[in-house]
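As provided, start.cif (mmCIF, C-alpha atoms) reads as follows.
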```cif
data_entry
#
loop_
_atom_site.label_atom_id
_atom_site.label_comp_id
_atom_site.auth_asym_id
_atom_site.auth_seq_id
_atom_site.Cartn_x
_atom_site.Cartn_y
_atom_site.Cartn_z
CA MET A 2 -5.21 -32.30 3.65
CA ASN A 3 -3.75 -34.46 0.86
CA LYS A 4 -3.32 -33.59 -2.77
CA LYS A 5 -6.57 -35.04 -4.12
CA ASN A 6 -8.63 -33.14 -1.53
CA ILE A 7 -6.94 -29.90 -2.50
CA ILE A 8 -7.75 -30.55 -6.16
CA LEU A 9 -11.40 -31.05 -5.28
CA VAL A 10 -11.44 -27.94 -3.07
CA SER A 11 -9.96 -25.88 -5.90
CA LYS A 12 -12.77 -26.95 -8.21
CA ALA A 13 -15.36 -26.45 -5.50
CA CYS A 14 -14.21 -22.80 -5.23
CA LEU A 15 -15.16 -22.22 -8.85
CA LEU A 16 -18.39 -24.20 -8.59
CA LEU A 17 -19.52 -22.23 -5.55
CA SER A 18 -18.74 -18.95 -7.30
CA MET A 19 -20.85 -20.01 -10.27
CA LEU A 20 -23.65 -21.12 -7.96
CA GLY A 21 -23.48 -17.71 -6.31
CA PHE A 22 -23.91 -16.17 -9.73
CA CYS A 23 -26.62 -18.53 -10.95
CA ILE A 24 -28.91 -18.41 -7.91
CA PRO A 25 -31.20 -15.32 -8.21
CA VAL A 26 -30.51 -13.66 -4.87
CA PHE A 27 -30.94 -9.93 -5.38
CA ASP A 28 -33.02 -9.37 -8.47
CA GLU A 29 -34.26 -11.03 -11.61
CA ALA A 30 -31.26 -9.86 -13.61
CA ASN A 31 -29.10 -12.49 -11.85
CA GLY A 32 -29.09 -16.26 -11.87
CA PHE A 33 -30.96 -18.75 -14.03
CA ALA A 34 -33.71 -16.15 -14.51
CA ALA A 35 -31.16 -14.07 -16.42
CA LEU A 36 -30.09 -17.07 -18.48
CA ILE A 37 -33.70 -17.86 -19.38
CA TYR A 38 -34.20 -14.20 -20.34
CA PHE A 39 -31.11 -14.31 -22.53
CA LEU A 40 -32.17 -17.57 -24.23
CA ARG A 41 -35.64 -16.17 -24.91
CA ALA A 42 -34.37 -12.85 -26.19
CA GLY A 43 -35.81 -12.13 -29.59
CA GLU A 44 -32.92 -9.88 -30.53
CA GLY A 45 -29.21 -10.17 -30.16
CA ALA A 46 -27.44 -13.51 -30.51
CA LEU A 47 -24.90 -12.22 -27.98
CA TYR A 48 -27.23 -12.84 -25.03
CA VAL A 49 -28.09 -16.33 -26.29
CA SER A 50 -24.41 -17.18 -26.75
CA ILE A 51 -23.53 -15.96 -23.26
CA GLY A 52 -26.35 -18.02 -21.78
CA ILE A 53 -25.14 -21.18 -23.55
CA ALA A 54 -21.52 -20.46 -22.56
CA LEU A 55 -22.43 -20.08 -18.89
CA ILE A 56 -24.50 -23.27 -18.91
CA LEU A 57 -21.60 -25.16 -20.54
CA CYS A 58 -19.20 -23.63 -18.00
CA PHE A 59 -21.36 -24.71 -15.07
CA LEU A 60 -21.98 -28.24 -16.42
CA ALA A 61 -18.32 -28.76 -17.33
CA MET A 62 -17.20 -27.71 -13.87
CA ALA A 63 -19.72 -30.02 -12.20
CA ALA A 64 -18.64 -32.87 -14.51
CA SER A 65 -14.97 -32.22 -13.70
CA ILE A 66 -15.63 -32.41 -9.95
CA LEU A 67 -17.72 -35.56 -10.34
CA PHE A 68 -15.07 -37.13 -12.59
CA SER A 69 -12.24 -36.42 -10.13
CA SER A 70 -14.27 -37.58 -7.13
CA LEU A 71 -15.22 -40.92 -8.72
CA TYR A 72 -11.66 -41.49 -9.89
CA PHE A 73 -10.14 -40.84 -6.49
CA ILE A 74 -12.77 -42.89 -4.67
CA ARG A 75 -12.45 -45.90 -6.99
CA GLY A 76 -8.73 -45.72 -7.57
CA LYS A 77 -7.72 -44.38 -4.17
CA LYS A 78 -4.90 -42.44 -5.82
CA ASP A 79 -3.77 -38.89 -5.33
CA ASN A 80 -2.67 -38.45 -8.94
CA LEU A 81 -4.54 -38.86 -12.21
CA THR A 82 -3.20 -41.20 -14.88
CA PRO A 83 -2.20 -39.56 -18.18
CA ALA A 84 -5.45 -40.58 -19.86
CA THR A 85 -7.72 -39.45 -17.05
CA ALA A 86 -5.67 -36.29 -16.61
CA ALA A 87 -6.27 -35.47 -20.27
CA VAL A 88 -10.03 -35.80 -19.74
CA ASP A 89 -9.85 -33.59 -16.67
CA TRP A 90 -7.80 -30.96 -18.50
CA ALA A 91 -10.25 -31.04 -21.41
CA LEU A 92 -13.14 -30.32 -19.05
CA MET A 93 -11.18 -27.51 -17.41
CA ALA A 94 -10.28 -26.10 -20.82
CA LEU A 95 -13.98 -25.98 -21.68
CA VAL A 96 -14.60 -24.05 -18.46
CA VAL A 97 -11.82 -21.55 -19.21
CA LEU A 98 -12.90 -21.02 -22.83
CA SER A 99 -16.54 -20.53 -21.83
CA MET A 100 -15.61 -17.99 -19.17
CA LEU A 101 -13.18 -16.23 -21.50
CA PHE A 102 -15.90 -15.87 -24.12
CA SER A 103 -18.32 -14.51 -21.52
CA PHE A 104 -15.70 -12.11 -20.17
CA ILE A 105 -15.04 -10.65 -23.62
CA ALA A 106 -18.73 -10.49 -24.52
CA VAL A 107 -19.82 -8.87 -21.26
CA LYS A 108 -17.78 -5.79 -22.17
CA LYS A 109 -20.35 -5.06 -24.89
CA PHE A 110 -23.28 -4.94 -22.46
CA THR A 111 -25.37 -1.82 -22.17
CA ASP A 112 -25.91 0.09 -18.94
CA GLU A 113 -29.14 -1.73 -18.07
CA ASP A 114 -27.25 -5.04 -17.86
CA VAL A 115 -24.87 -3.88 -15.14
CA GLU A 116 -26.30 -6.36 -12.63
CA PHE A 117 -25.34 -9.30 -14.83
CA SER A 118 -21.91 -7.79 -15.36
CA THR A 119 -21.38 -7.51 -11.59
CA GLY A 120 -22.44 -11.13 -11.13
CA PHE A 121 -19.97 -12.25 -13.77
CA TYR A 122 -17.08 -10.51 -12.07
CA PHE A 123 -18.04 -12.34 -8.89
CA MET A 124 -17.59 -15.55 -10.88
CA VAL A 125 -14.16 -14.39 -12.06
CA TYR A 126 -13.02 -14.04 -8.44
CA GLY A 127 -14.00 -17.67 -7.95
CA MET A 128 -11.84 -18.57 -10.95
CA ALA A 129 -8.89 -16.75 -9.34
CA ALA A 130 -9.42 -18.69 -6.10
CA HIS A 131 -9.56 -21.91 -8.09
CA ILE A 132 -6.27 -21.15 -9.87
CA ILE A 133 -4.47 -20.35 -6.60
CA VAL A 134 -5.67 -23.47 -4.81
CA TYR A 135 -5.09 -25.66 -7.87
CA LEU A 136 -1.56 -24.26 -8.02
CA TYR A 137 -1.07 -25.38 -4.45
CA SER A 138 -2.19 -28.86 -5.41
CA THR A 139 0.35 -29.10 -8.25
CA LEU A 140 3.22 -27.84 -6.06
CA LEU A 141 2.33 -30.00 -3.08
CA GLY A 142 4.67 -32.90 -2.39
CA GLU A 143 4.28 -35.88 -0.11
CA ASN A 144 7.08 -34.77 2.24
CA LEU A 145 9.89 -32.28 2.55
CA SER A 146 12.79 -34.70 2.62
CA THR A 147 14.78 -33.18 -0.21
CA LYS A 148 15.95 -29.69 -1.04
CA SER A 149 13.90 -29.60 -4.22
CA GLU A 150 10.74 -30.37 -2.25
CA GLU A 151 11.63 -27.72 0.33
CA LYS A 152 12.12 -25.21 -2.46
CA ARG A 153 8.80 -26.26 -3.97
CA ALA A 154 7.06 -25.77 -0.62
CA TYR A 155 8.73 -22.37 -0.27
CA TRP A 156 7.38 -21.22 -3.64
CA MET A 157 3.99 -22.72 -2.85
CA LEU A 158 3.72 -20.47 0.22
CA SER A 159 5.35 -17.33 -1.16
CA LEU A 160 4.11 -17.22 -4.76
CA PRO A 161 0.55 -15.95 -3.99
CA ALA A 162 1.97 -13.12 -1.88
CA ILE A 163 4.53 -12.28 -4.59
CA LEU A 164 1.85 -12.20 -7.27
CA PHE A 165 -0.42 -10.06 -5.09
CA TYR A 166 2.40 -7.61 -4.31
CA PHE A 167 3.35 -7.43 -7.98
CA GLY A 168 -0.25 -6.74 -9.01
CA VAL A 169 -0.94 -4.13 -6.31
CA MET A 170 2.43 -2.39 -5.91
CA THR A 171 5.09 -3.29 -8.46
CA PHE A 172 3.07 -3.25 -11.67
CA PRO A 173 1.34 0.14 -10.97
CA SER A 174 4.72 1.67 -10.12
CA ILE A 175 6.35 0.40 -13.31
CA PHE A 176 3.29 1.38 -15.35
CA SER A 177 3.44 4.91 -13.89
CA VAL A 178 7.06 5.22 -14.99
CA VAL A 179 6.09 4.09 -18.49
CA LEU A 180 3.20 6.57 -18.65
CA SER A 181 5.53 9.39 -17.59
CA LEU A 182 7.36 8.88 -20.89
CA THR A 183 4.17 9.20 -22.95
CA ASN A 184 1.47 11.76 -23.71
CA TYR A 185 -1.31 9.65 -22.14
CA SER A 186 -3.99 12.03 -20.80
CA GLY A 187 -6.70 9.60 -19.68
CA GLY A 188 -9.31 7.48 -21.39
CA SER A 189 -8.80 4.20 -23.19
CA LEU A 190 -5.21 3.08 -23.66
CA PHE A 191 -6.05 1.27 -26.87
CA GLU A 192 -7.58 4.12 -28.85
CA GLU A 193 -5.55 5.40 -31.74
CA GLY A 194 -3.33 8.28 -30.65
CA ALA A 195 -4.10 7.83 -26.92
CA LEU A 196 -0.57 6.68 -26.16
CA LYS A 197 2.47 8.19 -27.81
CA PHE A 198 6.07 7.98 -26.62
CA VAL A 199 7.51 11.46 -25.97
CA GLY A 200 10.71 10.58 -24.10
CA PHE A 201 11.78 12.93 -21.31
CA LYS A 202 9.62 15.83 -22.45
CA ASN A 203 7.45 15.65 -19.32
CA TYR A 204 10.52 15.65 -17.09
CA MET A 205 11.80 18.78 -18.80
CA LYS A 206 8.42 20.46 -18.16
CA VAL A 207 8.57 19.53 -14.48
CA PHE A 208 12.14 20.75 -14.02
CA ALA A 209 11.21 24.05 -15.69
CA ASP A 210 8.28 24.66 -13.31
CA GLN A 211 9.06 26.91 -10.33
CA TYR A 212 6.45 25.20 -8.16
CA PHE A 213 8.32 21.92 -8.46
CA TYR A 214 11.31 23.47 -6.68
CA ILE A 215 9.06 25.03 -4.02
CA SER A 216 7.50 21.60 -3.43
CA LEU A 217 10.89 19.91 -3.39
CA LYS A 218 12.27 22.43 -0.88
CA ASN A 219 9.28 22.01 1.43
CA ASN A 220 9.55 18.23 1.23
CA PHE A 221 13.19 18.36 2.23
CA TRP A 222 12.28 20.57 5.18
CA ILE A 223 9.78 17.93 6.24
CA VAL A 224 12.41 15.19 5.81
CA LEU A 225 14.86 17.15 7.97
CA VAL A 226 12.27 17.75 10.69
CA SER A 227 11.27 14.08 10.60
CA VAL A 228 14.77 12.57 10.63
CA PHE A 229 16.53 15.13 12.84
CA GLY A 230 13.49 16.17 14.89
CA GLN A 231 11.04 13.33 15.38
CA LEU A 232 13.64 10.57 15.70
CA PRO A 233 15.97 12.25 18.26
CA LEU A 234 13.02 13.64 20.23
CA GLY A 235 11.19 10.30 20.15
CA PHE A 236 14.32 8.46 21.30
CA PHE A 237 15.05 10.99 24.05
CA LEU A 238 11.53 10.75 25.44
CA ALA A 239 11.57 6.93 25.17
CA TYR A 240 14.92 6.78 26.98
CA VAL A 241 13.77 9.07 29.77
CA LEU A 242 10.55 7.11 30.29
CA THR A 243 12.15 3.66 29.99
CA ARG A 244 14.99 4.45 32.40
CA GLY A 245 12.52 5.85 34.90
CA LEU A 246 14.13 9.30 35.04
CA VAL A 247 10.70 10.90 35.54
CA LYS A 248 7.56 9.77 37.31
CA GLY A 249 4.20 9.24 35.64
CA ARG A 250 5.49 7.11 32.78
CA ASP A 251 2.07 5.86 31.66
CA PHE A 252 0.60 9.38 31.65
CA PHE A 253 3.40 10.89 29.55
CA GLN A 254 3.46 7.93 27.19
CA THR A 255 -0.28 8.31 26.56
CA MET A 256 -0.13 12.07 26.09
CA ILE A 257 2.79 11.91 23.66
CA TYR A 258 1.23 9.15 21.57
CA LEU A 259 -2.29 10.63 21.60
CA PRO A 260 -1.83 12.84 18.47
CA CYS A 261 -1.05 9.72 16.43
CA VAL A 262 -4.55 8.30 16.95
CA ILE A 263 -6.43 11.54 16.24
CA SER A 264 -7.71 12.03 12.71
CA THR A 265 -5.34 14.05 10.52
CA VAL A 266 -8.29 16.09 9.24
CA VAL A 267 -9.25 17.06 12.80
CA ILE A 268 -5.67 18.09 13.59
CA GLY A 269 -5.38 20.05 10.35
CA ILE A 270 -8.57 22.04 11.01
CA LEU A 271 -7.59 22.56 14.66
CA PHE A 272 -4.20 24.08 13.87
CA GLN A 273 -5.56 25.99 10.89
CA THR A 274 -7.81 27.78 13.37
CA PHE A 275 -5.05 28.02 15.96
CA PHE A 276 -2.63 29.81 13.61
CA SER A 277 -5.22 31.99 11.85
CA SER A 278 -5.14 35.79 12.12
CA HIS A 279 -7.87 35.64 14.81
CA GLY A 280 -6.73 32.36 16.38
CA ALA A 281 -5.29 31.50 19.78
CA TRP A 282 -1.66 31.92 18.66
CA THR A 283 -2.23 35.51 17.58
CA GLU A 284 -4.10 36.34 20.78
CA ILE A 285 -1.33 34.87 22.96
CA MET A 286 1.37 36.78 21.11
CA LYS A 287 -0.65 40.02 21.30
CA TRP A 288 -0.98 39.51 25.02
CA ILE A 289 2.84 39.35 25.20
CA ASN A 290 3.47 41.98 22.50
CA PRO A 291 0.47 44.24 21.69
CA SER A 292 2.00 45.26 18.34
CA TYR A 293 2.42 41.68 17.15
CA GLU A 294 0.83 40.73 13.82
CA TRP A 295 0.90 37.19 12.45
CA THR A 296 0.46 36.38 8.78
CA MET A 297 0.93 33.04 7.07
CA ASN A 298 2.74 34.83 4.25
CA SER A 299 5.88 35.41 6.31
CA GLN A 300 6.97 31.82 7.08
CA PRO A 301 4.06 29.59 6.03
CA MET A 302 5.90 26.27 6.49
CA ILE A 303 6.84 26.88 10.15
CA PRO A 304 3.36 26.04 11.53
CA VAL A 305 3.17 22.98 9.28
CA LEU A 306 6.58 21.72 10.42
CA PHE A 307 5.63 22.30 14.06
CA VAL A 308 2.45 20.27 13.66
CA ILE A 309 4.29 17.45 11.88
CA LEU A 310 6.90 17.33 14.66
CA TRP A 311 4.19 17.29 17.35
CA MET A 312 1.94 14.81 15.59
CA TYR A 313 4.33 11.99 14.65
CA THR A 314 6.91 12.01 17.44
CA GLY A 315 4.69 9.61 19.42
CA THR A 316 5.10 6.93 16.73
CA TYR A 317 8.86 6.81 17.20
CA LEU A 318 8.42 7.03 20.96
CA ILE A 319 6.57 3.69 20.89
CA ILE A 320 9.09 2.13 18.47
CA PHE A 321 12.08 3.09 20.62
CA MET A 322 10.37 2.16 23.91
CA ALA A 323 9.56 -1.30 22.58
CA ASN A 324 13.17 -1.86 21.50
CA LEU A 325 14.71 -0.37 24.64
CA GLN A 326 12.76 -2.89 26.69
CA LYS A 327 14.40 -5.70 24.68
CA ILE A 328 17.88 -4.74 25.95
CA ASP A 329 18.90 -6.90 28.90
CA PRO A 330 18.83 -4.58 31.97
CA GLN A 331 21.55 -6.67 33.62
CA ILE A 332 24.04 -5.44 31.03
CA MET A 333 23.32 -1.80 31.90
CA GLU A 334 23.36 -2.59 35.64
CA ALA A 335 26.73 -4.30 35.26
CA ALA A 336 28.12 -1.29 33.39
CA THR A 337 26.80 1.05 36.09
CA ILE A 338 28.40 -1.06 38.85
CA ASP A 339 31.70 -0.94 36.97
CA GLY A 340 31.53 2.86 37.12
CA ALA A 341 30.02 3.75 33.73
CA THR A 342 28.13 7.02 33.58
CA GLU A 343 24.66 7.38 32.07
CA TRP A 344 26.19 8.86 28.94
CA GLN A 345 28.67 5.98 28.60
CA VAL A 346 25.85 3.43 28.95
CA LEU A 347 23.93 5.30 26.30
CA TRP A 348 26.85 5.61 23.87
CA HIS A 349 28.49 2.20 24.24
CA ILE A 350 25.49 -0.07 24.93
CA ILE A 351 22.18 1.40 23.86
CA PHE A 352 23.18 3.15 20.61
CA PRO A 353 24.94 0.07 19.14
CA GLU A 354 22.01 -2.16 20.13
CA LEU A 355 19.50 0.14 18.43
CA SER A 356 21.47 0.99 15.28
CA GLY A 357 19.15 -1.13 13.12
CA VAL A 358 16.08 0.44 14.72
CA PHE A 359 17.41 3.92 13.91
CA VAL A 360 17.87 2.92 10.26
CA ILE A 361 14.37 1.46 9.96
CA SER A 362 12.88 4.51 11.68
CA ALA A 363 14.82 6.83 9.36
CA ILE A 364 13.46 4.94 6.32
CA LEU A 365 9.92 5.24 7.69
CA ALA A 366 10.44 8.95 8.33
CA ILE A 367 11.81 9.58 4.82
CA SER A 368 9.07 7.66 3.01
CA GLY A 369 6.37 9.25 5.17
CA SER A 370 7.78 12.73 4.61
CA LEU A 371 7.83 12.43 0.83
CA LYS A 372 4.22 11.25 0.65
CA SER A 373 2.87 13.73 3.22
CA PHE A 374 -0.38 15.09 1.83
CA ASP A 375 -3.47 14.98 4.03
CA LEU A 376 -2.31 17.30 6.83
CA ILE A 377 -1.05 20.01 4.45
CA TYR A 378 -4.10 19.65 2.19
CA VAL A 379 -6.43 20.30 5.14
CA MET A 380 -4.30 22.85 6.96
CA THR A 381 -3.15 25.13 4.14
CA GLY A 382 -4.32 23.60 0.83
CA GLY A 383 -0.88 24.51 -0.54
CA GLY A 384 -1.41 28.22 0.13
CA PRO A 385 -0.75 31.00 0.49
CA ALA A 386 0.24 31.38 -3.18
CA LYS A 387 1.35 27.72 -3.29
CA GLN A 388 4.14 28.42 -0.79
CA THR A 389 3.32 25.27 1.22
CA TYR A 390 3.23 22.98 -1.81
CA VAL A 391 4.77 19.53 -1.37
CA LEU A 392 5.38 17.00 -4.13
CA SER A 393 2.30 14.91 -3.37
CA LEU A 394 0.04 17.98 -3.37
CA TYR A 395 1.74 19.25 -6.53
CA MET A 396 1.06 15.89 -8.18
CA PHE A 397 -2.56 15.91 -6.98
CA ASP A 398 -3.19 19.35 -8.47
CA LYS A 399 -1.70 18.33 -11.81
CA ALA A 400 -3.84 15.19 -11.96
CA PHE A 401 -7.20 16.26 -10.52
CA ARG A 402 -7.49 20.05 -10.40
CA GLY A 403 -8.32 22.22 -13.37
CA ALA A 404 -7.12 20.84 -16.69
CA SER A 405 -5.76 17.41 -15.82
CA ASP A 406 -2.16 16.77 -16.85
CA TYR A 407 -1.67 13.05 -16.21
CA PRO A 408 1.77 12.82 -17.88
CA MET A 409 3.19 15.41 -15.48
CA ALA A 410 1.44 13.75 -12.51
CA ASN A 411 3.07 10.42 -13.39
CA THR A 412 6.39 12.18 -13.85
CA ILE A 413 6.18 13.78 -10.40
CA SER A 414 5.30 10.45 -8.79
CA THR A 415 8.31 8.84 -10.48
CA ILE A 416 10.58 11.62 -9.23
CA MET A 417 9.21 11.12 -5.70
CA VAL A 418 10.07 7.42 -5.84
CA VAL A 419 13.58 8.14 -7.14
CA ILE A 420 14.24 10.71 -4.40
CA SER A 421 12.96 8.30 -1.77
CA LEU A 422 15.21 5.50 -3.03
CA VAL A 423 18.25 7.81 -3.12
CA LEU A 424 17.70 9.03 0.45
CA ILE A 425 17.08 5.50 1.72
CA GLY A 426 20.25 4.35 -0.07
CA ILE A 427 22.22 7.09 1.70
CA VAL A 428 20.81 5.99 5.07
CA LYS A 429 21.70 2.35 4.39
CA THR A 430 25.21 3.32 3.30
CA LEU A 431 25.78 5.34 6.45
CA GLU A 432 24.43 2.47 8.54
CA LYS A 433 26.87 0.00 6.95
CA LYS A 434 29.79 2.38 7.44
CA PHE A 435 29.16 3.68 10.95
CA GLY A 436 26.45 1.50 12.50
CA ALA A 437 26.77 -1.71 14.45
CA LYS A 438 24.97 -4.86 13.45
CA GLU A 439 22.09 -6.10 15.57
CA ASP A 440 22.02 -9.69 16.73
#
```
Structure translated into structure tokens:
Amino acid sequence: MNKKNIILVSKACLLLSMLGFCIPVFDEANGFAALIYFLRAGEGALYVSIGIALILCFLAMAASILFSSLYFIRGKKDNLTPATAAVDWALMALVVLSMLFSFIAVKKFTDEDVEFSTGFYFMVYGMAAHIIVYLYSTLLGENLSTKSEEKRAYWMLSLPAILFYFGVMTFPSIFSVVLSLTNYSGGSLFEEGALKFVGFKNYMKVFADQYFYISLKNNFWIVLVSVFGQLPLGFFLAYVLTRGLVKGRDFFQTMIYLPCVISTVVIGILFQTFFSSHGAWTEIMKWINPSYEWTMNSQPMIPVLFVILWMYTGTYLIIFMANLQKIDPQIMEAATIDGATEWQVLWHIIFPELSGVFVISAILAISGSLKSFDLIYVMTGGGPAKQTYVLSLYMFDKAFRGASDYPMANTISTIMVVISLVLIGIVKTLEKKFGAKED
């Protein structure tokens, strides 16, 4: 597809979105019926103005497409001349101004006009598609013969993903850090007094709260179980199954990975019942020791850590099995023929080959441990007496339970990110110092 076709497709995206808005599909509040209603409205010049703006927007977009099509057909050129480009930009400016006016005005609609508001947002998505495709058309070159054109093609392909990642991940994270330094407690950001800079006051409140340290301790226990429990156990099982040291490889692989595909809510309820005072665990222990009494108050995190170890080991089993199968078996056979023991093959061949996989798995384990929420929320709810609190549950309670404290919730989330980055940095440093590089 050449440049002129992409330009036309970009405009067609916006035209189709406006057609989707203008055609009355669902009810009379959408489409031209809505515009006629607005133009006939006896009260409120706002509706009349929006109707005129949308009509101008639609006609300008259609004129822009017709103008570009006739120019390209008659001139057989991929680029507009300066004069014709000015006309095209003027038509596009009219579209943007009309939509901007409608976007601002639609915020003043009452509740009964929600259908029209929804239709307008659908049109805005078309505008976003138009901008992305039109951006492609401006970055597109005829070939990739020079470094500048290669760089332009690189940005053409990567820029949408970068913008999407920034909008979905980076901006909310940065905004959360900013809010943690304010007194923002919900509602409009632009109301007077809604946002006031308070510095590190919220961090001082968090560090003075005893439940923060309980949550932090429990999270570190989960990190330790994940990094020094799930990873070694997952690798050991993957090594045993891959090397064929036991029979029934497919059966064991399925059974070990099965907990990973079961709903976390189901597992949480299952083990909540299993470890209850009248559950199977208590009955088994009473059968062994009639005087046994189990209470969650003694060591409430032990059942949670056991379930986490059992539930997620299968994930690392699959990761290590997939990477063990990538190692050339002839290398290990040659080492065995030369007299190497199983331990020597493991230490001098397999460990160096999988050093990068261990690092990536450790990063996954750390990040997953710090954001662990659903299993604990279902299994214990943070109890008894908040002794199974973790940082994510602590943040959830501050934000959504009782009297909401959004500044502290944002502060806790920022602390979680900082802890995660520090631990990942330690793992990467150890990998550079002691690990071997993968080819």
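Note that the spacing between atom CA of A:Val391 and atom CA of A:Leu238 amounts to 29.0 Å.
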Which residues, named as in the file, does the PyMOL selection byres ((chain A and resi 244-254) around 10) pick out? Answer as JSON, numbers by chain. {"A": [238, 239, 240, 241, 242, 243, 255, 256, 257, 258, 259, 315, 318, 319, 322, 325, 326, 330]}
Nearest to A:Tyr390 among A:Ile332, A:Leu158, A:Ile223, A:Val179, with distances taken over all atoms listed in the file: which residue is it? A:Ile223
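Using all atoms listed in the file, the smallest distance between any of A:Ser405, A:Thr412, A:Thr274, A:Thr283 and A:Leu392 comes from A:Thr412.
You can rank A:Val419, A:Leu95, A:Pro173, A:Leu347 by their closest distance to A:Leu60 using only C-alpha atoms, and at the top of that list sits A:Leu95.
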Do you know which residues the PyMOL selection byres ((chain A and resi 365) around 12) returns on this file, as a PDB file with C-alpha atoms, in the coordinates of the input?
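To be explicit, this is the file written out as expr.pdb:
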```pdb
ATOM      1  CA  VAL A 224      12.410  15.190   5.810  1.00  0.00           C
ATOM      2  CA  SER A 227      11.270  14.080  10.600  1.00  0.00           C
ATOM      3  CA  VAL A 228      14.770  12.570  10.630  1.00  0.00           C
ATOM      4  CA  GLN A 231      11.040  13.330  15.380  1.00  0.00           C
ATOM      5  CA  LEU A 232      13.640  10.570  15.700  1.00  0.00           C
ATOM      6  CA  TYR A 313       4.330  11.990  14.650  1.00  0.00           C
ATOM      7  CA  THR A 316       5.100   6.930  16.730  1.00  0.00           C
ATOM      8  CA  TYR A 317       8.860   6.810  17.200  1.00  0.00           C
ATOM      9  CA  ILE A 320       9.090   2.130  18.470  1.00  0.00           C
ATOM     10  CA  VAL A 358      16.080   0.440  14.720  1.00  0.00           C
ATOM     11  CA  PHE A 359      17.410   3.920  13.910  1.00  0.00           C
ATOM     12  CA  VAL A 360      17.870   2.920  10.260  1.00  0.00           C
ATOM     13  CA  ILE A 361      14.370   1.460   9.960  1.00  0.00           C
ATOM     14  CA  SER A 362      12.880   4.510  11.680  1.00  0.00           C
ATOM     15  CA  ALA A 363      14.820   6.830   9.360  1.00  0.00           C
ATOM     16  CA  ILE A 364      13.460   4.940   6.320  1.00  0.00           C
ATOM     17  CA  ALA A 366      10.440   8.950   8.330  1.00  0.00           C
ATOM     18  CA  ILE A 367      11.810   9.580   4.820  1.00  0.00           C
ATOM     19  CA  SER A 368       9.070   7.660   3.010  1.00  0.00           C
ATOM     20  CA  GLY A 369       6.370   9.250   5.170  1.00  0.00           C
ATOM     21  CA  SER A 370       7.780  12.730   4.610  1.00  0.00           C
ATOM     22  CA  LEU A 371       7.830  12.430   0.830  1.00  0.00           C
ATOM     23  CA  LYS A 372       4.220  11.250   0.650  1.00  0.00           C
ATOM     24  CA  SER A 373       2.870  13.730   3.220  1.00  0.00           C
ATOM     25  CA  SER A 421      12.960   8.300  -1.770  1.00  0.00           C
ATOM     26  CA  LEU A 422      15.210   5.500  -3.030  1.00  0.00           C
ATOM     27  CA  LEU A 424      17.700   9.030   0.450  1.00  0.00           C
ATOM     28  CA  ILE A 425      17.080   5.500   1.720  1.00  0.00           C
ATOM     29  CA  VAL A 428      20.810   5.990   5.070  1.00  0.00           C
TER      30      VAL A 428
END
```
When you look at A:Ser414 with a cut-off of 10 Å (counting all atoms listed in the file), what residues show up, excluding the ones that are within fewer than 2 positions of it in the same chain? I need them as a ChimeraX atom specification. /A:174,177-178,181,372,392-393,395-397,409-412,416-420
Give as a PyMOL selection string each residue that has an atom at most 10 Å from (9.9, 14.7, -23.1) in the file, counting only C-alpha atoms. chain A and resi 181-184+198-207+408
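Note that atom CA of A:Leu310 and atom CA of A:Ser264 are 15.7 Å apart.
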If you count only C-alpha atoms, which residues fall within 6 Å of A:Thr389, apart from same-chain ones fewer than 3 positions away, as a list in words? Met302, Gly383 and Gly384 of chain A
Test item: residues at most 12 Å from A:Val308, only C-alpha atoms, excluding those fewer than 3 positions along its chain, as a PyMOL selection string: chain A and resi 223+226-227+230-231+260-261+265+268-273+275-276+302-305+311-314+376-377+380
Dump of C-alpha atoms for the selected residues, as an mmCIF file, keeping the file's coordinate frame:
```cif
data_model
loop_
_atom_site.group_PDB
_atom_site.id
_atom_site.type_symbol
_atom_site.label_atom_id
_atom_site.label_comp_id
_atom_site.auth_asym_id
_atom_site.auth_seq_id
_atom_site.Cartn_x
_atom_site.Cartn_y
_atom_site.Cartn_z
ATOM 1 C CA ILE A 223 9.780 17.930 6.240
ATOM 2 C CA VAL A 226 12.270 17.750 10.690
ATOM 3 C CA SER A 227 11.270 14.080 10.600
ATOM 4 C CA GLY A 230 13.490 16.170 14.890
ATOM 5 C CA GLN A 231 11.040 13.330 15.380
ATOM 6 C CA PRO A 260 -1.830 12.840 18.470
ATOM 7 C CA CYS A 261 -1.050 9.720 16.430
ATOM 8 C CA THR A 265 -5.340 14.050 10.520
ATOM 9 C CA ILE A 268 -5.670 18.090 13.590
ATOM 10 C CA GLY A 269 -5.380 20.050 10.350
ATOM 11 C CA ILE A 270 -8.570 22.040 11.010
ATOM 12 C CA LEU A 271 -7.590 22.560 14.660
ATOM 13 C CA PHE A 272 -4.200 24.080 13.870
ATOM 14 C CA GLN A 273 -5.560 25.990 10.890
ATOM 15 C CA PHE A 275 -5.050 28.020 15.960
ATOM 16 C CA PHE A 276 -2.630 29.810 13.610
ATOM 17 C CA MET A 302 5.900 26.270 6.490
ATOM 18 C CA ILE A 303 6.840 26.880 10.150
ATOM 19 C CA PRO A 304 3.360 26.040 11.530
ATOM 20 C CA VAL A 305 3.170 22.980 9.280
ATOM 21 C CA TRP A 311 4.190 17.290 17.350
ATOM 22 C CA MET A 312 1.940 14.810 15.590
ATOM 23 C CA TYR A 313 4.330 11.990 14.650
ATOM 24 C CA THR A 314 6.910 12.010 17.440
ATOM 25 C CA LEU A 376 -2.310 17.300 6.830
ATOM 26 C CA ILE A 377 -1.050 20.010 4.450
ATOM 27 C CA MET A 380 -4.300 22.850 6.960
#
```
